[in-house]
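> My structure is in target-v9.cif, and what it holds is mmCIF, C-alpha atoms:
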data_start
#
loop_
_atom_site.label_atom_id
_atom_site.label_comp_id
_atom_site.auth_asym_id
_atom_site.auth_seq_id
_atom_site.Cartn_x
_atom_site.Cartn_y
_atom_site.Cartn_z
CA MET V 35 -4.91 49.46 -9.56
CA ALA V 36 -7.93 50.21 -7.38
CA GLU V 37 -7.38 50.18 -3.66
CA GLU V 38 -7.49 46.65 -2.38
CA ASP V 39 -9.57 45.81 0.62
CA VAL V 40 -7.90 42.95 2.48
CA LYS V 41 -9.09 41.77 5.87
CA LEU V 42 -7.91 38.84 7.93
CA LEU V 43 -10.32 37.49 10.51
CA GLY V 44 -8.20 35.77 13.10
CA VAL V 45 -6.94 35.42 16.62
CA VAL V 46 -3.45 36.08 17.93
CA GLY V 47 -1.98 32.74 18.91
CA SER V 48 -3.54 30.61 16.17
CA PRO V 49 -0.93 28.76 14.12
CA PHE V 50 -3.32 28.63 11.15
CA VAL V 51 -3.81 32.40 11.22
CA CYS V 52 -0.03 32.82 11.52
CA ARG V 53 0.48 30.94 8.25
CA VAL V 54 -1.72 33.47 6.46
CA GLN V 55 0.05 36.41 8.11
CA ILE V 56 3.38 35.06 6.89
CA ALA V 57 2.09 34.70 3.33
CA LEU V 58 0.62 38.23 3.32
CA LYS V 59 3.85 39.67 4.69
CA LEU V 60 5.93 37.83 2.10
CA LYS V 61 3.91 39.42 -0.67
CA GLY V 62 3.92 42.84 0.96
CA VAL V 63 0.13 42.95 1.18
CA GLU V 64 -1.41 45.58 3.45
CA TYR V 65 -4.33 44.24 5.42
CA LYS V 66 -6.56 44.82 8.42
CA PHE V 67 -6.43 42.20 11.17
CA VAL V 68 -9.88 41.76 12.67
CA THR V 69 -9.55 39.97 16.01
CA GLN V 70 -12.29 37.42 16.63
CA ASP V 71 -13.83 36.16 19.87
CA LEU V 72 -14.17 32.45 19.23
CA GLN V 73 -16.32 31.94 22.32
CA ASN V 74 -18.80 34.44 20.93
CA LYS V 75 -18.56 34.31 17.16
CA SER V 76 -19.23 37.52 15.27
CA GLU V 77 -21.85 37.90 12.56
CA GLU V 78 -19.01 38.72 10.20
CA LEU V 79 -17.24 35.42 10.88
CA LEU V 80 -20.45 33.42 10.51
CA LYS V 81 -21.23 35.27 7.28
CA TYR V 82 -17.81 34.70 5.76
CA ASN V 83 -17.29 31.14 6.99
CA PRO V 84 -20.72 29.59 7.44
CA ILE V 85 -19.45 26.06 6.80
CA HIS V 86 -16.65 25.72 9.35
CA LYS V 87 -17.13 28.91 11.43
CA LYS V 88 -13.36 29.04 12.03
CA VAL V 89 -10.42 31.32 11.62
CA PRO V 90 -8.47 32.27 9.58
CA VAL V 91 -10.72 33.85 6.98
CA LEU V 92 -9.19 36.10 4.37
CA VAL V 93 -11.64 38.60 2.93
CA HIS V 94 -10.37 40.15 -0.31
CA ASN V 95 -12.59 42.84 -1.80
CA GLU V 96 -15.53 41.42 0.17
CA ARG V 97 -14.93 37.84 -1.05
CA PRO V 98 -13.99 35.28 1.63
CA ILE V 99 -11.45 32.50 1.38
CA ASN V 100 -11.27 29.80 4.08
CA GLU V 101 -8.85 27.06 5.22
CA SER V 102 -5.29 28.21 5.86
CA LEU V 103 -3.55 26.21 3.11
CA VAL V 104 -6.20 27.20 0.53
CA ILE V 105 -5.70 30.83 1.61
CA VAL V 106 -1.90 30.61 1.32
CA GLU V 107 -2.18 29.23 -2.25
CA TYR V 108 -4.67 31.96 -3.05
CA ILE V 109 -2.28 34.64 -1.78
CA ASP V 110 0.48 33.12 -3.91
CA GLU V 111 -1.71 33.32 -7.01
CA ALA V 112 -3.41 36.68 -6.40
CA TRP V 113 -0.30 38.74 -5.65
CA LYS V 114 3.04 38.96 -7.42
CA GLY V 115 6.32 38.88 -5.57
CA LYS V 116 8.20 36.05 -3.93
CA SER V 117 6.76 32.65 -4.91
CA ILE V 118 5.45 30.46 -2.15
CA LEU V 119 4.89 27.34 -4.26
CA PRO V 120 7.54 26.03 -6.66
CA ALA V 121 7.01 26.34 -10.41
CA ASP V 122 7.59 22.69 -11.37
CA PRO V 123 4.40 20.54 -11.24
CA TYR V 124 6.11 17.60 -9.49
CA GLN V 125 7.69 19.88 -6.85
CA ARG V 126 4.30 21.56 -6.38
CA ALA V 127 2.66 18.17 -5.83
CA LEU V 128 5.33 17.30 -3.23
CA ALA V 129 4.90 20.67 -1.47
CA ARG V 130 1.12 20.22 -1.30
CA PHE V 131 1.57 16.64 -0.07
CA TRP V 132 3.88 17.59 2.82
CA ALA V 133 1.77 20.61 3.82
CA LYS V 134 -1.30 18.35 3.98
CA PHE V 135 0.69 15.69 5.86
CA ILE V 136 1.60 18.22 8.55
CA ASP V 137 -2.09 19.01 9.10
CA ASP V 138 -3.50 15.49 8.73
CA LYS V 139 -0.88 13.49 10.58
CA VAL V 140 1.48 15.52 12.69
CA PHE V 141 -0.05 18.63 14.16
CA GLY V 142 -3.41 17.08 15.01
CA ALA V 143 -1.70 14.21 16.81
CA ALA V 144 0.66 16.59 18.65
CA TRP V 145 -2.28 18.64 19.84
CA LYS V 146 -4.22 15.59 20.97
CA SER V 147 -1.12 14.33 22.80
CA VAL V 148 -1.27 17.39 25.01
CA PHE V 149 -4.95 18.17 25.35
CA THR V 150 -6.26 14.87 26.61
CA VAL V 151 -6.82 13.31 30.01
CA ASN V 152 -6.97 9.77 28.65
CA GLU V 153 -3.53 8.15 29.00
CA GLU V 154 -4.19 5.64 26.22
CA GLU V 155 -5.19 8.47 23.86
CA ARG V 156 -2.07 10.38 24.85
CA GLU V 157 0.23 7.41 24.22
CA LYS V 158 -1.36 6.72 20.85
CA ASN V 159 -1.02 10.34 19.77
CA VAL V 160 2.53 10.71 21.05
CA LYS V 161 3.48 7.68 18.95
CA GLU V 162 1.76 9.15 15.88
CA THR V 163 3.42 12.52 16.43
CA HIS V 164 6.86 10.91 16.66
CA GLU V 165 6.24 8.89 13.50
CA GLY V 166 5.13 12.01 11.67
CA LEU V 167 8.06 14.08 12.88
CA GLN V 168 10.43 11.30 11.79
CA PHE V 169 9.01 11.42 8.26
CA LEU V 170 9.59 15.18 8.24
CA GLU V 171 13.10 14.73 9.64
CA ASP V 172 13.89 12.27 6.84
CA GLU V 173 12.35 14.52 4.19
CA LEU V 174 14.41 17.60 5.11
CA LYS V 175 17.38 17.66 2.76
CA ASP V 176 18.26 21.34 2.47
CA LYS V 177 18.27 24.39 4.68
CA PHE V 178 14.47 24.63 4.32
CA PHE V 179 11.77 22.27 3.03
CA GLY V 180 11.53 24.66 0.08
CA GLY V 181 15.27 24.35 -0.64
CA GLU V 182 17.61 27.29 -0.20
CA GLU V 183 14.58 29.48 0.46
CA TYR V 184 11.49 28.69 2.51
CA GLY V 185 8.18 27.91 0.83
CA LEU V 186 4.75 26.38 1.34
CA VAL V 187 5.88 23.45 3.50
CA ASP V 188 8.01 25.63 5.78
CA ILE V 189 5.11 28.05 6.22
CA ALA V 190 2.73 25.16 6.91
CA ALA V 191 5.24 23.78 9.42
CA VAL V 192 5.27 26.96 11.52
CA ASN V 193 2.83 24.97 13.68
CA ILE V 194 5.56 22.44 14.37
CA ALA V 195 8.33 25.00 14.82
CA PHE V 196 6.58 27.34 17.27
CA TRP V 197 3.45 25.75 18.67
CA VAL V 198 4.53 22.16 19.32
CA PRO V 199 7.47 23.10 21.58
CA LEU V 200 5.17 25.53 23.39
CA VAL V 201 2.29 23.13 24.10
CA GLN V 202 4.56 20.20 24.91
CA GLU V 203 6.04 22.32 27.67
CA VAL V 204 2.53 22.99 28.99
CA ALA V 205 2.00 19.26 29.49
CA GLY V 206 5.60 18.34 30.27
CA LEU V 207 5.88 16.11 27.20
CA GLN V 208 8.89 15.38 25.01
CA LEU V 209 7.35 15.47 21.55
CA PHE V 210 9.74 17.55 19.48
CA THR V 211 13.28 17.73 20.84
CA ASN V 212 16.72 18.45 19.48
CA GLU V 213 17.86 14.99 20.58
CA LYS V 214 15.15 13.08 18.76
CA PHE V 215 14.93 15.26 15.62
CA PRO V 216 18.18 17.23 15.19
CA LYS V 217 17.70 18.29 11.56
CA LEU V 218 14.10 19.37 12.15
CA TYR V 219 15.12 21.23 15.29
CA LYS V 220 17.88 23.08 13.46
CA TRP V 221 15.43 23.91 10.68
CA SER V 222 12.94 25.29 13.23
CA GLN V 223 15.51 27.60 14.80
CA GLU V 224 16.65 28.83 11.40
CA PHE V 225 13.09 29.31 10.12
CA LEU V 226 11.74 31.11 13.19
CA SER V 227 14.63 33.55 13.15
CA GLN V 228 14.00 34.66 9.57
CA PRO V 229 12.93 38.33 9.82
CA THR V 230 9.60 37.93 7.98
CA ILE V 231 8.68 34.91 10.07
CA GLU V 232 9.80 36.37 13.39
CA GLU V 233 7.63 39.43 12.84
CA CYS V 234 4.53 37.26 12.37
CA LEU V 235 4.94 35.12 15.47
CA PRO V 236 2.79 35.94 18.48
CA PRO V 237 4.45 36.79 21.83
CA ARG V 238 5.37 33.51 23.51
CA ASP V 239 4.51 34.19 27.16
CA PRO V 240 0.85 35.19 26.83
CA ILE V 241 0.21 32.32 24.40
CA PHE V 242 1.92 29.87 26.77
CA ALA V 243 -0.20 31.19 29.64
CA PHE V 244 -3.34 30.80 27.54
CA PHE V 245 -2.64 27.17 26.65
CA LYS V 246 -1.52 26.35 30.16
CA GLY V 247 -4.84 27.70 31.38
CA ARG V 248 -6.71 25.50 28.90
CA TYR V 249 -4.69 22.45 29.91
CA GLU V 250 -5.34 23.03 33.60
CA SER V 251 -9.06 23.49 33.00
CA LEU V 252 -9.08 20.21 31.12
CA LEU V 253 -7.37 18.40 33.99
CA ALA V 254 -9.72 20.00 36.53
CA SER V 255 -12.82 19.05 34.58
CA ALA V 256 -11.71 15.42 34.43
CA LYS V 257 -11.50 15.05 38.18
CA MET K 438 10.29 10.16 -25.02
CA ALA K 439 6.98 8.49 -24.26
CA ASP K 440 5.41 9.18 -20.90
CA GLU K 441 5.10 6.24 -18.56
CA VAL K 442 1.96 6.60 -16.46
CA VAL K 443 0.87 4.01 -13.92
CA LEU K 444 -2.10 4.22 -11.55
CA LEU K 445 -2.29 2.16 -8.34
CA ASP K 446 -5.94 2.11 -7.37
CA THR K 447 -8.98 0.04 -6.41
CA TRP K 448 -12.04 0.01 -8.67
CA VAL K 449 -14.48 1.07 -5.93
CA SER K 450 -12.49 4.00 -4.51
CA MET K 451 -14.16 7.40 -4.95
CA PHE K 452 -10.74 8.97 -4.60
CA GLY K 453 -9.19 6.75 -7.25
CA MET K 454 -12.08 7.54 -9.59
CA ARG K 455 -11.15 11.23 -9.42
CA VAL K 456 -7.78 10.39 -10.91
CA ARG K 457 -9.25 8.08 -13.57
CA VAL K 458 -11.74 10.76 -14.67
CA ALA K 459 -8.95 13.35 -14.77
CA LEU K 460 -6.71 11.12 -16.91
CA ALA K 461 -9.63 10.34 -19.24
CA GLU K 462 -10.47 14.04 -19.61
CA LYS K 463 -6.89 14.69 -20.71
CA GLY K 464 -6.76 11.64 -22.96
CA VAL K 465 -3.72 10.23 -21.14
CA ASN K 466 -2.87 6.57 -21.68
CA TYR K 467 -1.94 4.75 -18.51
CA ASP K 468 -1.36 1.37 -16.99
CA TYR K 469 -4.01 0.59 -14.35
CA LYS K 470 -2.93 -1.71 -11.53
CA GLU K 471 -5.74 -2.88 -9.22
CA GLN K 472 -4.48 -3.12 -5.65
CA ASP K 473 -5.38 -5.56 -2.88
CA LEU K 474 -5.52 -3.41 0.23
CA LYS K 475 -5.62 -6.41 2.56
CA ASN K 476 -2.31 -7.54 1.13
CA LYS K 477 -0.48 -4.42 0.03
CA SER K 478 1.92 -4.81 -2.87
CA PRO K 479 5.63 -3.97 -2.55
CA LEU K 480 5.07 -1.37 -5.28
CA LEU K 481 2.36 0.41 -3.28
CA LEU K 482 4.46 0.37 -0.11
CA GLU K 483 7.44 1.70 -2.04
CA MET K 484 5.49 4.44 -3.81
CA ASN K 485 3.40 5.55 -0.82
CA PRO K 486 5.40 4.62 2.27
CA ILE K 487 3.82 7.41 4.34
CA HIS K 488 0.12 6.59 3.98
CA LYS K 489 0.21 3.20 2.21
CA LYS K 490 -3.00 4.19 0.44
CA ILE K 491 -4.40 4.47 -3.05
CA PRO K 492 -4.62 6.23 -5.40
CA VAL K 493 -0.98 6.69 -6.35
CA LEU K 494 -0.03 8.04 -9.74
CA ILE K 495 3.43 7.03 -10.92
CA HIS K 496 4.67 9.31 -13.69
CA ASN K 497 7.98 8.30 -15.26
CA GLY K 498 8.85 6.44 -12.06
CA ARG K 499 7.95 9.27 -9.67
CA PRO K 500 4.96 8.85 -7.33
CA ILE K 501 2.31 11.44 -6.59
CA CYS K 502 -0.10 10.72 -3.72
CA GLU K 503 -3.42 12.14 -2.45
CA SER K 504 -6.20 12.32 -5.04
CA SER K 505 -6.79 16.10 -5.01
CA ILE K 506 -3.04 16.68 -5.36
CA ILE K 507 -2.82 14.13 -8.18
CA VAL K 508 -5.68 15.79 -10.11
CA GLN K 509 -3.97 19.19 -9.87
CA TYR K 510 -0.70 17.60 -10.99
CA ILE K 511 -2.42 16.04 -14.01
CA ASP K 512 -3.88 19.43 -14.90
CA GLU K 513 -0.51 21.16 -14.62
CA VAL K 514 1.46 18.57 -16.60
CA TRP K 515 -1.04 17.87 -19.39
CA ASN K 516 -1.84 21.53 -19.78
CA ASP K 517 -2.45 21.66 -23.52
CA GLN K 518 -6.16 20.90 -23.28
CA SER K 519 -9.22 20.76 -21.01
CA PRO K 520 -7.98 22.91 -18.11
CA PHE K 521 -9.49 21.82 -14.81
CA MET K 522 -8.75 24.89 -12.72
CA PRO K 523 -10.69 28.11 -13.24
CA SER K 524 -8.56 31.02 -14.39
CA ASP K 525 -9.50 33.38 -11.54
CA PRO K 526 -7.55 32.79 -8.28
CA TYR K 527 -10.71 33.31 -6.21
CA ASP K 528 -12.63 30.65 -8.13
CA ARG K 529 -9.62 28.33 -7.80
CA ALA K 530 -9.65 28.88 -4.04
CA GLN K 531 -13.36 28.05 -3.90
CA ALA K 532 -12.83 24.86 -5.90
CA ARG K 533 -9.96 23.81 -3.58
CA PHE K 534 -12.05 24.66 -0.51
CA TRP K 535 -14.97 22.47 -1.60
CA VAL K 536 -12.75 19.55 -2.62
CA ASP K 537 -11.11 19.80 0.82
CA PHE K 538 -14.60 19.93 2.39
CA SER K 539 -15.71 16.83 0.52
CA ASP K 540 -12.46 15.04 1.51
CA LYS K 541 -12.98 15.79 5.18
CA LYS K 542 -16.71 15.19 5.40
CA ILE K 543 -18.30 12.73 3.00
CA TYR K 544 -16.53 9.44 3.62
CA GLU K 545 -16.24 9.95 7.39
CA THR K 546 -19.94 10.79 7.69
CA TRP K 547 -20.89 7.80 5.52
CA LYS K 548 -18.92 5.55 7.85
CA LYS K 549 -20.82 7.00 10.83
CA MET K 550 -24.07 6.04 9.16
CA TRP K 551 -23.01 2.75 7.59
CA LEU K 552 -22.85 0.16 10.33
CA SER K 553 -24.55 2.10 13.09
CA GLU K 554 -28.12 1.80 14.30
CA GLY K 555 -30.81 3.86 15.95
CA GLU K 556 -29.97 7.41 16.96
CA GLU K 557 -26.38 7.25 15.75
CA HIS K 558 -27.52 6.04 12.34
CA GLU K 559 -30.15 8.75 12.07
CA ALA K 560 -27.66 11.43 13.05
CA GLY K 561 -25.19 10.17 10.44
CA LYS K 562 -27.88 10.12 7.79
CA LYS K 563 -29.01 13.66 8.63
CA GLU K 564 -25.44 14.90 8.49
CA LEU K 565 -24.74 13.17 5.17
CA ILE K 566 -27.81 14.69 3.56
CA SER K 567 -26.91 18.15 4.89
CA ILE K 568 -23.40 17.84 3.41
CA PHE K 569 -24.87 17.17 -0.03
CA LYS K 570 -27.33 20.03 0.40
CA GLN K 571 -24.39 22.34 1.14
CA LEU K 572 -22.66 21.10 -1.99
CA GLU K 573 -25.88 21.63 -3.95
CA ASP K 574 -26.04 25.23 -2.68
CA ALA K 575 -22.47 25.78 -3.80
CA LEU K 576 -23.43 24.69 -7.32
CA GLY K 577 -26.26 27.22 -7.50
CA ASP K 578 -27.59 27.53 -11.03
CA LYS K 579 -24.30 26.74 -12.76
CA ILE K 580 -24.08 23.99 -15.37
CA PHE K 581 -20.96 22.62 -13.72
CA TYR K 582 -19.08 23.64 -10.58
CA GLY K 583 -16.47 24.99 -13.00
CA GLY K 584 -19.10 27.26 -14.60
CA ASP K 585 -19.56 26.46 -18.25
CA SER K 586 -16.79 23.91 -18.21
CA PHE K 587 -16.32 20.68 -16.29
CA GLY K 588 -13.50 21.31 -13.84
CA PHE K 589 -11.56 20.43 -10.69
CA LEU K 590 -14.50 20.44 -8.31
CA ASP K 591 -16.72 18.51 -10.74
CA ILE K 592 -13.97 15.88 -10.97
CA GLY K 593 -13.61 15.95 -7.18
CA LEU K 594 -17.30 15.30 -6.54
CA ILE K 595 -18.67 13.21 -9.40
CA PRO K 596 -17.20 9.90 -8.12
CA PHE K 597 -19.41 10.11 -5.02
CA SER K 598 -22.44 9.80 -7.32
CA CYS K 599 -21.82 6.09 -7.92
CA TRP K 600 -22.05 5.66 -4.15
CA PHE K 601 -25.44 7.43 -3.95
CA TYR K 602 -27.42 4.22 -4.46
CA THR K 603 -25.50 2.72 -1.53
CA PHE K 604 -26.07 5.80 0.67
CA GLU K 605 -29.77 5.81 -0.25
CA THR K 606 -30.28 2.12 0.43
CA TYR K 607 -28.53 2.12 3.80
CA GLY K 608 -30.06 5.44 4.81
CA ASN K 609 -33.53 4.92 3.38
CA PHE K 610 -33.76 8.20 1.52
CA LYS K 611 -33.65 9.40 -2.08
CA MET K 612 -31.02 11.85 -3.34
CA GLU K 613 -33.45 12.96 -6.08
CA ALA K 614 -35.89 14.14 -3.41
CA GLU K 615 -33.25 15.70 -1.17
CA CYS K 616 -30.96 17.27 -3.79
CA PRO K 617 -32.68 17.46 -7.19
CA LYS K 618 -30.30 20.12 -8.57
CA LEU K 619 -27.31 18.03 -7.62
CA MET K 620 -28.83 15.01 -9.38
CA ALA K 621 -29.38 17.12 -12.50
CA TRP K 622 -25.68 18.04 -12.36
CA VAL K 623 -24.81 14.33 -12.06
CA LYS K 624 -26.80 13.61 -15.25
CA ARG K 625 -24.97 16.41 -17.08
CA CYS K 626 -21.60 15.02 -15.96
CA PHE K 627 -22.55 11.57 -17.22
CA GLN K 628 -22.92 12.98 -20.72
CA ARG K 629 -19.13 13.20 -20.71
CA LYS K 630 -17.36 10.02 -21.84
CA ALA K 631 -14.62 10.55 -19.27
CA VAL K 632 -17.26 10.15 -16.56
CA SER K 633 -19.59 7.52 -18.07
CA ASN K 634 -16.71 5.31 -19.21
CA THR K 635 -14.91 5.56 -15.89
CA LEU K 636 -17.39 5.34 -13.04
CA PRO K 637 -18.45 1.82 -12.04
CA ASP K 638 -22.08 0.72 -11.92
CA ASP K 639 -23.71 1.89 -8.69
CA LYS K 640 -25.27 -1.54 -8.03
CA LYS K 641 -21.81 -3.10 -8.22
CA VAL K 642 -20.64 -0.60 -5.60
CA TYR K 643 -23.60 -1.54 -3.39
CA ASP K 644 -22.85 -5.27 -3.73
CA PHE K 645 -19.25 -4.58 -2.74
CA VAL K 646 -20.31 -2.63 0.37
CA LEU K 647 -22.80 -5.36 1.29
CA ALA K 648 -20.04 -7.96 1.04
CA MET K 649 -17.75 -5.78 3.20
CA GLU K 650 -20.51 -5.51 5.80
CA LYS K 651 -20.87 -9.30 5.97
CA ILE K 652 -17.12 -9.69 6.48
CA LEU K 653 -17.04 -7.04 9.21
CA LYS K 654 -20.06 -8.46 11.01
CA ASN K 655 -18.57 -11.96 10.98
CA LYS K 656 -15.39 -10.82 12.69
#
Taking this structure as input, can you express it in the form of structure tokens?


Amino acid sequence: MAEEDVKLLGVVGSPFVCRVQIALKLKGVEYKFVTQDLQNKSEELLKYNPIHKKVPVLVHNERPINESLVIVEYIDEAWKGKSILPADPYQRALARFWAKFIDDKVFGAAWKSVFTVNEEEREKNVKETHEGLQFLEDELKDKFFGGEEYGLVDIAAVNIAFWVPLVQEVAGLQLFTNEKFPKLYKWSQEFLSQPTIEECLPPRDPIFAFFKGRYESLLASAK
Amino acid sequence: MADEVVLLDTWVSMFGMRVRVALAEKGVNYDYKEQDLKNKSPLLLEMNPIHKKIPVLIHNGRPICESSIIVQYIDEVWNDQSPFMPSDPYDRAQARFWVDFSDKKIYETWKKMWLSEGEEHEAGKKELISIFKQLEDALGDKIFYGGDSFGFLDIGLIPFSCWFYTFETYGNFKMEAECPKLMAWVKRCFQRKAVSNTLPDDKKVYDFVLAMEKILKNK
């Protein structure tokens, strides 16, 4: 097969980019990571993602794919190897549902819980985050959301496993704890320590410092 | 064993219409149950406890939620005819991207325009028109978004067309003037029975929205 040209436009420290890195690694795809400056967006980024102007963008043989979950499904379909989505249509529908739920209901709320100076907003989002995490806690029946092996939902939930504990510490919040969500917590430890996953995670300290800086700027600008 | 297919929906929902068009395209018989969203049924709450929203497809007792997920499910289960998804993974990704785009943008932007006035209303209107222009660009010169065949993205978008009269009337613009190619695509879609037999009359949709506005303004 002709040499494949695979590029990933991203930033280190983005949970959405991380999802794509995990999927590429799972399939053994060689790619070039092109670091973006989101404060000063490159022509390449604007060319490949004119609609949302965000990362990640996967560029495969010059053709761009956007939106992390769309990219992960694309990777699953374009390359052979370990399956990310299940084969059964009903299980696929459930996997897509929970992956979307994580984005629509849990992660957004968790982020807003931290990066706000409005106490009412914070309270509302903390409540929504807890409700969302409880649904995930109740849904987890096996070792992973994908069953004995991790799949789409686990990959989508890397946001919850790595980034939520990190940003909650920045703001001193108790969003996702072992006490409140024991099964989910156990899952997160298990998932993050899987070799493929571990290799795709960014280094914790610099990312923590980055988000702490953002949080402090936010507080300062509100005064 | 016969399939038992039930759809929990409301007649005016653009998202529910996606599912109805998909089922019609596949020739699937189903039991339609109109829902009262102000007084949610025990069945709806049982089948969609997370979001408590419609549409919900119940297939042999098992619920599937979220319209774009339901349409893909329908395509994968009733896979003997009329495939919705393109065969190339890249084209599939594009179709999923644009359905996701329409999910995130259209209804939210309409709401911004709907009951607002002045600058806010104008901004909403401008944004709504630009969204449809972007969708028109994505169509290009194709017959359907799916190329020669009516597919996932066509199903995802065509329900919004019965809301165009409402958008136009509230926003004081004409889709035909703003997006003529898109309107030509709408006409082509309506040549399909699955679309023309499913989508409600656009004046009925407008009357519904007008009634909703009265209720909201009287609160």

> Which polymer residues, protein or nucleic acid, are no farther than 12 Å from (-28.2, 17.1, -11.4), counting only C-alpha atoms, as JSON, numbers by chain?

{"K": [569, 572, 573, 576, 577, 578, 579, 580, 581, 582, 591, 595, 598, 612, 613, 614, 615, 616, 617, 618, 619, 620, 621, 622, 623, 624, 625, 626, 627, 628]}

> Those selected residues, please, written with C-alpha atoms and delivered as a short mmCIF file (atom, residue, chain, number, x, y, z; two decimals), keeping the file's coordinate frame.


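Written output follows (selection03.cif):
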data_model
loop_
_atom_site.label_atom_id
_atom_site.label_comp_id
_atom_site.auth_asym_id
_atom_site.auth_seq_id
_atom_site.Cartn_x
_atom_site.Cartn_y
_atom_site.Cartn_z
CA PHE K 569 -24.87 17.17 -0.03
CA LEU K 572 -22.66 21.10 -1.99
CA GLU K 573 -25.88 21.63 -3.95
CA LEU K 576 -23.43 24.69 -7.32
CA GLY K 577 -26.26 27.22 -7.50
CA ASP K 578 -27.59 27.53 -11.03
CA LYS K 579 -24.30 26.74 -12.76
CA ILE K 580 -24.08 23.99 -15.37
CA PHE K 581 -20.96 22.62 -13.72
CA TYR K 582 -19.08 23.64 -10.58
CA ASP K 591 -16.72 18.51 -10.74
CA ILE K 595 -18.67 13.21 -9.40
CA SER K 598 -22.44 9.80 -7.32
CA MET K 612 -31.02 11.85 -3.34
CA GLU K 613 -33.45 12.96 -6.08
CA ALA K 614 -35.89 14.14 -3.41
CA GLU K 615 -33.25 15.70 -1.17
CA CYS K 616 -30.96 17.27 -3.79
CA PRO K 617 -32.68 17.46 -7.19
CA LYS K 618 -30.30 20.12 -8.57
CA LEU K 619 -27.31 18.03 -7.62
CA MET K 620 -28.83 15.01 -9.38
CA ALA K 621 -29.38 17.12 -12.50
CA TRP K 622 -25.68 18.04 -12.36
CA VAL K 623 -24.81 14.33 -12.06
CA LYS K 624 -26.80 13.61 -15.25
CA ARG K 625 -24.97 16.41 -17.08
CA CYS K 626 -21.60 15.02 -15.96
CA PHE K 627 -22.55 11.57 -17.22
CA GLN K 628 -22.92 12.98 -20.72
#

> With distances taken over all atoms listed in the file, which of K:Leu445, K:Leu565, K:Cys502, K:Phe645 is nearest to Met550 of chain K?

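The closest residue to Met550 of chain K is K:Leu565.
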
> When you draw a straight line from atom CA of Pro98 of chain V to atom CA of Phe521 of chain K, how long is it in Å?

21.7 Å

> At what distance in Å, to one decimal, does atom CA of Phe50 of chain V lie from atom CA of Arg238 of chain V?

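Taking atom CA of Arg238 of chain V and atom CA of Phe50 of chain V, their separation equals 15.9 Å.
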
> Counting all atoms listed in the file, which residue out of V:Leu209, V:Leu186, V:Asn193, V:Ser48 sits closest to Val160 of chain V?

V:Leu209

> Which of these, K:Val442, K:Ile652, K:Ile568, K:Ile543, has the shortest distance to chain V once you count all atoms listed in the file?

K:Ile568

> When the cut-off is 12 Å and we count all atoms listed in the file, which residues of chain K are near chain V, given as an MDAnalysis selection string?

chainID K and resid 485:488 494:516 524:542 567:568 570:572 574:575

> Could you take the residues named above and write them with C-alpha atoms, as a short mmCIF file (atom, residue, chain, number, x, y, z; two decimals), keeping the file's coordinate frame?


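Wrote selection_14.cif, looks like this:
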data_model
loop_
_atom_site.label_atom_id
_atom_site.label_comp_id
_atom_site.auth_asym_id
_atom_site.auth_seq_id
_atom_site.Cartn_x
_atom_site.Cartn_y
_atom_site.Cartn_z
CA ASN K 485 3.40 5.55 -0.82
CA PRO K 486 5.40 4.62 2.27
CA ILE K 487 3.82 7.41 4.34
CA HIS K 488 0.12 6.59 3.98
CA LEU K 494 -0.03 8.04 -9.74
CA ILE K 495 3.43 7.03 -10.92
CA HIS K 496 4.67 9.31 -13.69
CA ASN K 497 7.98 8.30 -15.26
CA GLY K 498 8.85 6.44 -12.06
CA ARG K 499 7.95 9.27 -9.67
CA PRO K 500 4.96 8.85 -7.33
CA ILE K 501 2.31 11.44 -6.59
CA CYS K 502 -0.10 10.72 -3.72
CA GLU K 503 -3.42 12.14 -2.45
CA SER K 504 -6.20 12.32 -5.04
CA SER K 505 -6.79 16.10 -5.01
CA ILE K 506 -3.04 16.68 -5.36
CA ILE K 507 -2.82 14.13 -8.18
CA VAL K 508 -5.68 15.79 -10.11
CA GLN K 509 -3.97 19.19 -9.87
CA TYR K 510 -0.70 17.60 -10.99
CA ILE K 511 -2.42 16.04 -14.01
CA ASP K 512 -3.88 19.43 -14.90
CA GLU K 513 -0.51 21.16 -14.62
CA VAL K 514 1.46 18.57 -16.60
CA TRP K 515 -1.04 17.87 -19.39
CA ASN K 516 -1.84 21.53 -19.78
CA SER K 524 -8.56 31.02 -14.39
CA ASP K 525 -9.50 33.38 -11.54
CA PRO K 526 -7.55 32.79 -8.28
CA TYR K 527 -10.71 33.31 -6.21
CA ASP K 528 -12.63 30.65 -8.13
CA ARG K 529 -9.62 28.33 -7.80
CA ALA K 530 -9.65 28.88 -4.04
CA GLN K 531 -13.36 28.05 -3.90
CA ALA K 532 -12.83 24.86 -5.90
CA ARG K 533 -9.96 23.81 -3.58
CA PHE K 534 -12.05 24.66 -0.51
CA TRP K 535 -14.97 22.47 -1.60
CA VAL K 536 -12.75 19.55 -2.62
CA ASP K 537 -11.11 19.80 0.82
CA PHE K 538 -14.60 19.93 2.39
CA SER K 539 -15.71 16.83 0.52
CA ASP K 540 -12.46 15.04 1.51
CA LYS K 541 -12.98 15.79 5.18
CA LYS K 542 -16.71 15.19 5.40
CA SER K 567 -26.91 18.15 4.89
CA ILE K 568 -23.40 17.84 3.41
CA LYS K 570 -27.33 20.03 0.40
CA GLN K 571 -24.39 22.34 1.14
CA LEU K 572 -22.66 21.10 -1.99
CA ASP K 574 -26.04 25.23 -2.68
CA ALA K 575 -22.47 25.78 -3.80
#

> What does the distance from atom CA of Val40 of chain V to atom CA of Val93 of chain V come to in Å, to one decimal?

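It comes out at 5.8 Å.
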
> Neighbouring residues of segment 470-482 of chain K were defined as those with any atom within 10 Å, considering all atoms listed in the file; residues of the same chain fewer than 6 positions away were excluded. Please report them as a PyMOL selection string.

chain K and resi 443-448+488-493+500
